[in-house]
Each structure stands twice: as C-alpha cells, then as structure tokens.
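Participant: Contents of coords.cif (mmCIF, N, CA and C atoms):
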```
data_data
#
loop_
_atom_site.group_PDB
_atom_site.id
_atom_site.type_symbol
_atom_site.label_atom_id
_atom_site.label_comp_id
_atom_site.auth_asym_id
_atom_site.auth_seq_id
_atom_site.Cartn_x
_atom_site.Cartn_y
_atom_site.Cartn_z
ATOM 1 N N MET A 1 153.907 -168.079 -11.961
ATOM 2 C CA MET A 1 152.655 -167.355 -11.953
ATOM 3 C C MET A 1 151.511 -168.357 -12.088
ATOM 4 N N LYS A 2 150.408 -168.020 -11.490
ATOM 5 C CA LYS A 2 149.235 -168.893 -11.539
ATOM 6 C C LYS A 2 148.023 -168.070 -11.930
ATOM 7 N N VAL A 3 147.161 -168.674 -12.723
ATOM 8 C CA VAL A 3 145.925 -168.026 -13.130
ATOM 9 C C VAL A 3 144.780 -169.018 -12.950
ATOM 10 N N THR A 4 143.646 -168.527 -12.485
ATOM 11 C CA THR A 4 142.477 -169.395 -12.317
ATOM 12 C C THR A 4 141.247 -168.817 -13.006
ATOM 13 N N ASP A 5 141.413 -167.677 -13.683
ATOM 14 C CA ASP A 5 140.276 -167.006 -14.298
ATOM 15 C C ASP A 5 140.528 -166.655 -15.769
ATOM 16 N N ARG A 6 141.081 -167.592 -16.490
ATOM 17 C CA ARG A 6 141.331 -167.467 -17.934
ATOM 18 C C ARG A 6 142.233 -166.292 -18.298
ATOM 19 N N GLY A 7 143.195 -165.976 -17.437
ATOM 20 C CA GLY A 7 144.190 -164.967 -17.764
ATOM 21 C C GLY A 7 143.899 -163.560 -17.289
ATOM 22 N N GLU A 8 142.816 -163.353 -16.566
ATOM 23 C CA GLU A 8 142.479 -162.013 -16.080
ATOM 24 C C GLU A 8 143.432 -161.563 -14.963
ATOM 25 N N ASN A 9 143.706 -162.435 -14.029
ATOM 26 C CA ASN A 9 144.539 -162.097 -12.877
ATOM 27 C C ASN A 9 145.601 -163.178 -12.682
ATOM 28 N N TRP A 10 146.848 -162.755 -12.539
ATOM 29 C CA TRP A 10 147.970 -163.666 -12.360
ATOM 30 C C TRP A 10 148.560 -163.463 -10.968
ATOM 31 N N PHE A 11 148.966 -164.560 -10.336
ATOM 32 C CA PHE A 11 149.518 -164.504 -8.984
ATOM 33 C C PHE A 11 150.887 -165.176 -8.950
ATOM 34 N N VAL A 12 151.834 -164.574 -8.254
ATOM 35 C CA VAL A 12 153.161 -165.170 -8.088
ATOM 36 C C VAL A 12 153.038 -166.376 -7.170
ATOM 37 N N GLN A 13 153.578 -167.505 -7.588
ATOM 38 C CA GLN A 13 153.486 -168.727 -6.805
ATOM 39 C C GLN A 13 154.819 -169.170 -6.212
ATOM 40 N N LEU A 14 155.918 -168.773 -6.820
ATOM 41 C CA LEU A 14 157.228 -169.165 -6.302
ATOM 42 C C LEU A 14 158.071 -167.919 -6.187
ATOM 43 N N ASN A 15 158.424 -167.561 -4.993
ATOM 44 C CA ASN A 15 159.241 -166.379 -4.774
ATOM 45 C C ASN A 15 160.389 -166.801 -3.875
ATOM 46 N N SER A 16 161.421 -167.366 -4.488
ATOM 47 C CA SER A 16 162.559 -167.879 -3.747
ATOM 48 C C SER A 16 163.812 -167.156 -4.197
ATOM 49 N N PRO A 17 164.558 -166.562 -3.285
ATOM 50 C CA PRO A 17 165.772 -165.841 -3.690
ATOM 51 C C PRO A 17 166.717 -166.741 -4.474
ATOM 52 N N GLY A 18 167.171 -166.246 -5.609
ATOM 53 C CA GLY A 18 168.110 -167.013 -6.420
ATOM 54 C C GLY A 18 167.530 -168.276 -7.013
ATOM 55 N N ALA A 19 166.225 -168.291 -7.251
ATOM 56 C CA ALA A 19 165.579 -169.504 -7.732
ATOM 57 C C ALA A 19 166.149 -169.970 -9.064
ATOM 58 N N GLY A 20 166.612 -169.064 -9.893
ATOM 59 C CA GLY A 20 167.180 -169.471 -11.176
ATOM 60 C C GLY A 20 166.171 -169.396 -12.294
ATOM 61 N N TYR A 21 166.532 -169.982 -13.406
ATOM 62 C CA TYR A 21 165.692 -169.953 -14.601
ATOM 63 C C TYR A 21 164.901 -171.238 -14.723
ATOM 64 N N PHE A 22 163.595 -171.106 -14.902
ATOM 65 C CA PHE A 22 162.758 -172.274 -15.134
ATOM 66 C C PHE A 22 163.054 -172.813 -16.527
ATOM 67 N N SER A 23 163.357 -174.082 -16.611
ATOM 68 C CA SER A 23 163.555 -174.700 -17.912
ATOM 69 C C SER A 23 162.337 -175.531 -18.302
ATOM 70 N N SER A 24 161.539 -175.923 -17.304
ATOM 71 C CA SER A 24 160.352 -176.714 -17.592
ATOM 72 C C SER A 24 159.429 -176.687 -16.380
ATOM 73 N N ILE A 25 158.141 -176.738 -16.650
ATOM 74 C CA ILE A 25 157.157 -176.888 -15.586
ATOM 75 C C ILE A 25 156.051 -177.780 -16.127
ATOM 76 N N HIS A 26 155.591 -178.698 -15.301
ATOM 77 C CA HIS A 26 154.558 -179.631 -15.749
ATOM 78 C C HIS A 26 153.595 -179.911 -14.602
ATOM 79 N N PHE A 27 152.310 -179.704 -14.864
ATOM 80 C CA PHE A 27 151.263 -180.028 -13.899
ATOM 81 C C PHE A 27 150.485 -181.229 -14.400
ATOM 82 N N ILE A 28 150.214 -182.159 -13.498
ATOM 83 C CA ILE A 28 149.421 -183.340 -13.810
ATOM 84 C C ILE A 28 147.937 -183.001 -13.701
ATOM 85 N N ASP A 29 147.615 -182.181 -12.725
ATOM 86 C CA ASP A 29 146.245 -181.733 -12.507
ATOM 87 C C ASP A 29 146.326 -180.351 -11.861
ATOM 88 N N SER A 30 145.266 -179.876 -11.273
ATOM 89 C CA SER A 30 145.261 -178.525 -10.712
ATOM 90 C C SER A 30 146.096 -178.386 -9.444
ATOM 91 N N LEU A 31 146.509 -179.495 -8.841
ATOM 92 C CA LEU A 31 147.269 -179.445 -7.594
ATOM 93 C C LEU A 31 148.719 -179.903 -7.714
ATOM 94 N N TYR A 32 148.970 -180.954 -8.463
ATOM 95 C CA TYR A 32 150.247 -181.650 -8.445
ATOM 96 C C TYR A 32 151.116 -181.245 -9.631
ATOM 97 N N GLY A 33 152.298 -180.696 -9.347
ATOM 98 C CA GLY A 33 153.178 -180.278 -10.430
ATOM 99 C C GLY A 33 154.645 -180.299 -10.055
ATOM 100 N N TRP A 34 155.479 -180.231 -11.084
ATOM 101 C CA TRP A 34 156.937 -180.224 -10.942
ATOM 102 C C TRP A 34 157.511 -179.086 -11.765
ATOM 103 N N ALA A 35 158.628 -178.527 -11.317
ATOM 104 C CA ALA A 35 159.351 -177.506 -12.069
ATOM 105 C C ALA A 35 160.829 -177.851 -12.069
ATOM 106 N N SER A 36 161.440 -177.783 -13.231
ATOM 107 C CA SER A 36 162.889 -177.948 -13.305
ATOM 108 C C SER A 36 163.502 -176.566 -13.472
ATOM 109 N N ILE A 37 164.551 -176.334 -12.716
ATOM 110 C CA ILE A 37 165.201 -175.032 -12.669
ATOM 111 C C ILE A 37 166.688 -175.251 -12.880
ATOM 112 N N LEU A 38 167.252 -174.521 -13.831
ATOM 113 C CA LEU A 38 168.669 -174.684 -14.122
ATOM 114 C C LEU A 38 169.521 -174.383 -12.889
ATOM 115 N N ASN A 39 170.525 -175.228 -12.668
ATOM 116 C CA ASN A 39 171.463 -175.108 -11.550
ATOM 117 C C ASN A 39 170.814 -175.243 -10.181
ATOM 118 N N ARG A 40 169.661 -175.864 -10.125
ATOM 119 C CA ARG A 40 168.973 -176.156 -8.865
ATOM 120 C C ARG A 40 168.379 -177.553 -8.965
ATOM 121 N N ARG A 41 168.035 -178.092 -7.842
ATOM 122 C CA ARG A 41 167.281 -179.339 -7.835
ATOM 123 C C ARG A 41 165.851 -179.024 -8.284
ATOM 124 N N PRO A 42 165.119 -180.035 -8.753
ATOM 125 C CA PRO A 42 163.728 -179.777 -9.149
ATOM 126 C C PRO A 42 162.859 -179.439 -7.937
ATOM 127 N N PHE A 43 161.750 -178.747 -8.212
ATOM 128 C CA PHE A 43 160.785 -178.383 -7.188
ATOM 129 C C PHE A 43 159.480 -179.119 -7.459
ATOM 130 N N LYS A 44 158.748 -179.403 -6.383
ATOM 131 C CA LYS A 44 157.483 -180.128 -6.483
ATOM 132 C C LYS A 44 156.422 -179.373 -5.685
ATOM 133 N N THR A 45 155.188 -179.353 -6.199
ATOM 134 C CA THR A 45 154.059 -178.796 -5.467
ATOM 135 C C THR A 45 152.931 -179.821 -5.437
ATOM 136 N N THR A 46 152.217 -179.855 -4.353
ATOM 137 C CA THR A 46 151.043 -180.724 -4.234
ATOM 138 C C THR A 46 149.794 -179.914 -3.881
ATOM 139 N N ASP A 47 149.937 -178.579 -3.912
ATOM 140 C CA ASP A 47 148.808 -177.718 -3.557
ATOM 141 C C ASP A 47 148.563 -176.620 -4.598
ATOM 142 N N GLY A 48 148.769 -176.958 -5.857
ATOM 143 C CA GLY A 48 148.486 -176.026 -6.937
ATOM 144 C C GLY A 48 149.461 -174.882 -7.065
ATOM 145 N N GLY A 49 150.639 -175.029 -6.492
ATOM 146 C CA GLY A 49 151.660 -174.005 -6.605
ATOM 147 C C GLY A 49 151.709 -173.024 -5.453
ATOM 148 N N GLU A 50 150.880 -173.218 -4.447
ATOM 149 C CA GLU A 50 150.959 -172.343 -3.266
ATOM 150 C C GLU A 50 152.317 -172.496 -2.592
ATOM 151 N N ASN A 51 152.787 -173.711 -2.503
ATOM 152 C CA ASN A 51 154.073 -174.011 -1.889
ATOM 153 C C ASN A 51 154.867 -174.909 -2.819
ATOM 154 N N TRP A 52 156.138 -174.597 -2.990
ATOM 155 C CA TRP A 52 157.053 -175.395 -3.803
ATOM 156 C C TRP A 52 158.157 -175.914 -2.909
ATOM 157 N N ILE A 53 158.445 -177.197 -3.017
ATOM 158 C CA ILE A 53 159.453 -177.825 -2.163
ATOM 159 C C ILE A 53 160.604 -178.310 -3.032
ATOM 160 N N GLU A 54 161.793 -177.785 -2.763
ATOM 161 C CA GLU A 54 162.969 -178.239 -3.486
ATOM 162 C C GLU A 54 163.273 -179.672 -3.076
ATOM 163 N N GLN A 55 163.507 -180.532 -4.052
ATOM 164 C CA GLN A 55 163.715 -181.954 -3.800
ATOM 165 C C GLN A 55 165.174 -182.203 -3.401
ATOM 166 N N THR A 56 165.465 -181.960 -2.136
ATOM 167 C CA THR A 56 166.837 -182.046 -1.630
ATOM 168 C C THR A 56 167.354 -183.478 -1.556
ATOM 169 N N ASN A 57 166.480 -184.460 -1.737
ATOM 170 C CA ASN A 57 166.920 -185.856 -1.751
ATOM 171 C C ASN A 57 167.573 -186.229 -3.083
ATOM 172 N N LEU A 58 167.548 -185.320 -4.065
ATOM 173 C CA LEU A 58 168.103 -185.592 -5.391
ATOM 174 C C LEU A 58 169.434 -184.874 -5.582
ATOM 175 N N ASN A 59 170.304 -185.477 -6.353
ATOM 176 C CA ASN A 59 171.585 -184.857 -6.677
ATOM 177 C C ASN A 59 171.597 -184.358 -8.119
ATOM 178 N N PHE A 60 170.470 -183.874 -8.606
ATOM 179 C CA PHE A 60 170.354 -183.353 -9.957
ATOM 180 C C PHE A 60 170.441 -181.832 -9.885
ATOM 181 N N TYR A 61 171.383 -181.239 -10.607
ATOM 182 C CA TYR A 61 171.537 -179.790 -10.582
ATOM 183 C C TYR A 61 171.457 -179.151 -11.960
ATOM 184 N N GLN A 62 171.254 -179.922 -12.993
ATOM 185 C CA GLN A 62 171.168 -179.387 -14.355
ATOM 186 C C GLN A 62 169.878 -179.858 -15.013
ATOM 187 N N THR A 63 168.776 -179.822 -14.293
ATOM 188 C CA THR A 63 167.527 -180.341 -14.827
ATOM 189 C C THR A 63 166.999 -179.448 -15.942
ATOM 190 N N ASP A 64 166.815 -180.055 -17.103
ATOM 191 C CA ASP A 64 166.337 -179.343 -18.281
ATOM 192 C C ASP A 64 164.852 -179.514 -18.517
ATOM 193 N N ASP A 65 164.307 -180.671 -18.150
ATOM 194 C CA ASP A 65 162.917 -180.947 -18.470
ATOM 195 C C ASP A 65 162.357 -181.940 -17.458
ATOM 196 N N VAL A 66 161.062 -181.866 -17.226
ATOM 197 C CA VAL A 66 160.384 -182.785 -16.321
ATOM 198 C C VAL A 66 158.997 -183.071 -16.894
ATOM 199 N N TYR A 67 158.562 -184.316 -16.786
ATOM 200 C CA TYR A 67 157.240 -184.709 -17.261
ATOM 201 C C TYR A 67 156.727 -185.846 -16.393
ATOM 202 N N PHE A 68 155.477 -185.761 -15.972
ATOM 203 C CA PHE A 68 154.814 -186.826 -15.221
ATOM 204 C C PHE A 68 153.533 -187.193 -15.948
ATOM 205 N N LYS A 69 153.278 -188.503 -16.095
ATOM 206 C CA LYS A 69 152.019 -188.919 -16.708
ATOM 207 C C LYS A 69 150.923 -189.068 -15.662
ATOM 208 N N ASP A 70 151.306 -189.248 -14.412
ATOM 209 C CA ASP A 70 150.392 -189.285 -13.283
ATOM 210 C C ASP A 70 151.196 -188.950 -12.035
ATOM 211 N N THR A 71 150.634 -189.075 -10.864
ATOM 212 C CA THR A 71 151.346 -188.668 -9.651
ATOM 213 C C THR A 71 152.532 -189.565 -9.303
ATOM 214 N N LEU A 72 152.609 -190.753 -9.866
ATOM 215 C CA LEU A 72 153.702 -191.677 -9.548
ATOM 216 C C LEU A 72 154.767 -191.779 -10.627
ATOM 217 N N ASN A 73 154.387 -191.786 -11.876
ATOM 218 C CA ASN A 73 155.295 -192.081 -12.986
ATOM 219 C C ASN A 73 155.748 -190.815 -13.699
ATOM 220 N N GLY A 74 157.070 -190.601 -13.680
ATOM 221 C CA GLY A 74 157.590 -189.398 -14.302
ATOM 222 C C GLY A 74 159.007 -189.564 -14.806
ATOM 223 N N TRP A 75 159.449 -188.568 -15.595
ATOM 224 C CA TRP A 75 160.786 -188.564 -16.179
ATOM 225 C C TRP A 75 161.416 -187.208 -15.931
ATOM 226 N N LEU A 76 162.726 -187.225 -15.786
ATOM 227 C CA LEU A 76 163.490 -186.007 -15.554
ATOM 228 C C LEU A 76 164.737 -186.047 -16.411
ATOM 229 N N LEU A 77 164.943 -184.987 -17.166
ATOM 230 C CA LEU A 77 166.132 -184.874 -17.995
ATOM 231 C C LEU A 77 167.135 -184.007 -17.251
ATOM 232 N N ASP A 78 168.275 -184.583 -16.898
ATOM 233 C CA ASP A 78 169.318 -183.879 -16.171
ATOM 234 C C ASP A 78 170.581 -183.887 -17.009
ATOM 235 N N TRP A 79 170.916 -182.713 -17.564
ATOM 236 C CA TRP A 79 172.027 -182.557 -18.482
ATOM 237 C C TRP A 79 171.768 -183.429 -19.687
ATOM 238 N N ASN A 80 172.420 -184.550 -19.856
ATOM 239 C CA ASN A 80 172.114 -185.434 -20.988
ATOM 240 C C ASN A 80 171.773 -186.833 -20.496
ATOM 241 N N LYS A 81 171.149 -186.898 -19.339
ATOM 242 C CA LYS A 81 170.762 -188.183 -18.758
ATOM 243 C C LYS A 81 169.263 -188.172 -18.466
ATOM 244 N N LEU A 82 168.622 -189.297 -18.756
ATOM 245 C CA LEU A 82 167.195 -189.429 -18.526
ATOM 246 C C LEU A 82 166.961 -190.326 -17.313
ATOM 247 N N TYR A 83 166.196 -189.813 -16.355
ATOM 248 C CA TYR A 83 165.858 -190.561 -15.148
ATOM 249 C C TYR A 83 164.356 -190.812 -15.128
ATOM 250 N N LYS A 84 163.965 -191.926 -14.510
ATOM 251 C CA LYS A 84 162.553 -192.286 -14.387
ATOM 252 C C LYS A 84 162.232 -192.580 -12.939
ATOM 253 N N THR A 85 161.018 -192.202 -12.519
ATOM 254 C CA THR A 85 160.519 -192.546 -11.196
ATOM 255 C C THR A 85 159.182 -193.251 -11.341
ATOM 256 N N ILE A 86 158.923 -194.183 -10.460
ATOM 257 C CA ILE A 86 157.622 -194.862 -10.420
ATOM 258 C C ILE A 86 156.971 -194.705 -9.051
ATOM 259 N N ASP A 87 157.582 -193.844 -8.205
ATOM 260 C CA ASP A 87 157.051 -193.638 -6.857
ATOM 261 C C ASP A 87 156.902 -192.153 -6.515
ATOM 262 N N GLY A 88 156.568 -191.348 -7.509
ATOM 263 C CA GLY A 88 156.299 -189.940 -7.271
ATOM 264 C C GLY A 88 157.528 -189.090 -7.011
ATOM 265 N N GLY A 89 158.690 -189.562 -7.410
ATOM 266 C CA GLY A 89 159.905 -188.773 -7.263
ATOM 267 C C GLY A 89 160.737 -189.088 -6.041
ATOM 268 N N ILE A 90 160.358 -190.111 -5.297
ATOM 269 C CA ILE A 90 161.169 -190.497 -4.138
ATOM 270 C C ILE A 90 162.466 -191.143 -4.603
ATOM 271 N N ASN A 91 162.356 -192.055 -5.547
ATOM 272 C CA ASN A 91 163.524 -192.733 -6.121
ATOM 273 C C ASN A 91 163.536 -192.523 -7.627
ATOM 274 N N TRP A 92 164.731 -192.370 -8.175
ATOM 275 C CA TRP A 92 164.913 -192.162 -9.608
ATOM 276 C C TRP A 92 165.915 -193.177 -10.123
ATOM 277 N N THR A 93 165.649 -193.726 -11.327
ATOM 278 C CA THR A 93 166.528 -194.689 -11.967
ATOM 279 C C THR A 93 167.047 -194.100 -13.271
ATOM 280 N N LEU A 94 168.348 -194.167 -13.452
ATOM 281 C CA LEU A 94 168.974 -193.674 -14.671
ATOM 282 C C LEU A 94 168.760 -194.672 -15.794
ATOM 283 N N ASP A 95 168.317 -194.176 -16.947
ATOM 284 C CA ASP A 95 168.241 -195.007 -18.139
ATOM 285 C C ASP A 95 169.584 -194.873 -18.844
ATOM 286 N N SER A 96 170.490 -195.790 -18.577
ATOM 287 C CA SER A 96 171.866 -195.690 -19.071
ATOM 288 C C SER A 96 171.981 -195.932 -20.571
ATOM 289 N N LEU A 97 170.917 -196.393 -21.212
ATOM 290 C CA LEU A 97 170.952 -196.615 -22.653
ATOM 291 C C LEU A 97 170.723 -195.330 -23.442
ATOM 292 N N LEU A 98 170.162 -194.318 -22.810
ATOM 293 C CA LEU A 98 169.888 -193.044 -23.467
ATOM 294 C C LEU A 98 170.813 -191.974 -22.928
ATOM 295 N N THR A 99 171.814 -191.571 -23.723
ATOM 296 C CA THR A 99 172.714 -190.486 -23.337
ATOM 297 C C THR A 99 173.064 -189.663 -24.564
ATOM 298 N N GLY A 100 173.713 -188.542 -24.346
ATOM 299 C CA GLY A 100 174.202 -187.727 -25.445
ATOM 300 C C GLY A 100 173.131 -186.900 -26.123
ATOM 301 N N PHE A 101 172.099 -186.496 -25.410
ATOM 302 C CA PHE A 101 171.045 -185.682 -25.984
ATOM 303 C C PHE A 101 170.710 -184.575 -24.994
ATOM 304 N N GLY A 102 169.907 -183.658 -25.372
ATOM 305 C CA GLY A 102 169.440 -182.590 -24.492
ATOM 306 C C GLY A 102 168.083 -182.130 -24.961
ATOM 307 N N SER A 103 167.458 -181.296 -24.142
ATOM 308 C CA SER A 103 166.163 -180.781 -24.554
ATOM 309 C C SER A 103 166.377 -179.666 -25.554
ATOM 310 N N GLY A 104 165.445 -179.477 -26.421
ATOM 311 C CA GLY A 104 165.604 -178.477 -27.468
ATOM 312 C C GLY A 104 164.519 -177.580 -27.540
#
```
Rewrite the structure of this file - the entire thing - as structure tokens.

Facilitator:
Amino acid sequence: MKVTDRGENWFVQLNSPGAGYFSSIHFIDSLYGWASILNRRPFKTTDGGENWIEQTNLNFYQTDDVYFKDTLNGWLLDWNKLYKTIDGGINWTLDSLLTGFGSG
C-alpha cells in the first residue's frame, strides 16, 4: 500500500498472484525501494512502488530482511546468511563470517 497524503488515502502498489508474505520493505527515498517476501526472491521498485520487479537474477528464496543505505549499498538477510551489494543489487556477496542468526 502507498500513501502520499498523510494516511488519508491508501493505494495498492503490488498485486501479484501468490506474492506471499512481506517480511521487510525498505525505501531509500520516494522512488527507490526493496521488499523481501518469504519464499520468493526480493522485489525492487524504482518508481515509488508503481511497478515491482522480482529479482530473478538472485537465488534467494527465504529473504527475511532488506536494507539499503543508498541506491548502491545494501544488505539482504536470507535465512541465516547475510549478503551485501555495492552495485544496487546486481551482484551480492555472502558474508561467510556471520551465520546462525535470523531477523527477530
């Protein structure tokens, strides 16, 4: 759902059959955001949520949390593994030193 008028009117932004349960959503600004959905790959928007694109280049299916500090640098928690990107989600690197945890 999206709101632009302090909660007066809400609009559906993602209507995908079988989309699953959102575990996390994070917007960097009014246009650029990511959503992690259980049992699906993460979704990305660059137009304020009008369109969401499933990141089919990723093999992550248990994404619990997603956070970006800017349009290039972000982290994704997949099951109990932490991944980092420095190129806006094109490539992800596993931090193999951090395992055995989950989002709470």

Participant: CA of Asn59 in chain A to CA of Leu38 in chain A: how many Å, to one decimal?

Facilitator: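 Here the two named atoms are 12.9 Å from each other.
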
Participant: Which residue gives the smallest distance to Asp65 in chain A among A:Tyr32, A:Trp52, A:Trp92, A:Trp79, with only C-alpha atoms counted?

Facilitator: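 Ranking A:Tyr32, A:Trp52, A:Trp92, A:Trp79 by distance to Asp65 in chain A, first place goes to A:Trp79.
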
Participant: Kindly give the distance, in Å, that separates atom C of Thr93 in chain A and CA of Lys81 in chain A, rounded to a single decimal.

Facilitator: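 Taking atom C of Thr93 in chain A as the start and CA of Lys81 in chain A as the end point, the length is 8.9 Å.
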
Participant: Would you compute the box with edges along x, y and z of the file around range 40-53 of chain A, including every atom the file lists for it and 5 Å extra on each side, and give its centre and edge lengths in Å to one decimal, as JSON?

Facilitator:
```
{"center_x": 159.1, "center_y": -176.5, "center_z": -6.0, "size_x": 31.2, "size_y": 18.4, "size_z": 18.2}
```

Participant: Would you mind reading off the distance between CA of Ser96 in chain A and atom N of Leu82 in chain A, one decimal, in Å?

Facilitator: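 Here the two named atoms are 7.2 Å from each other.
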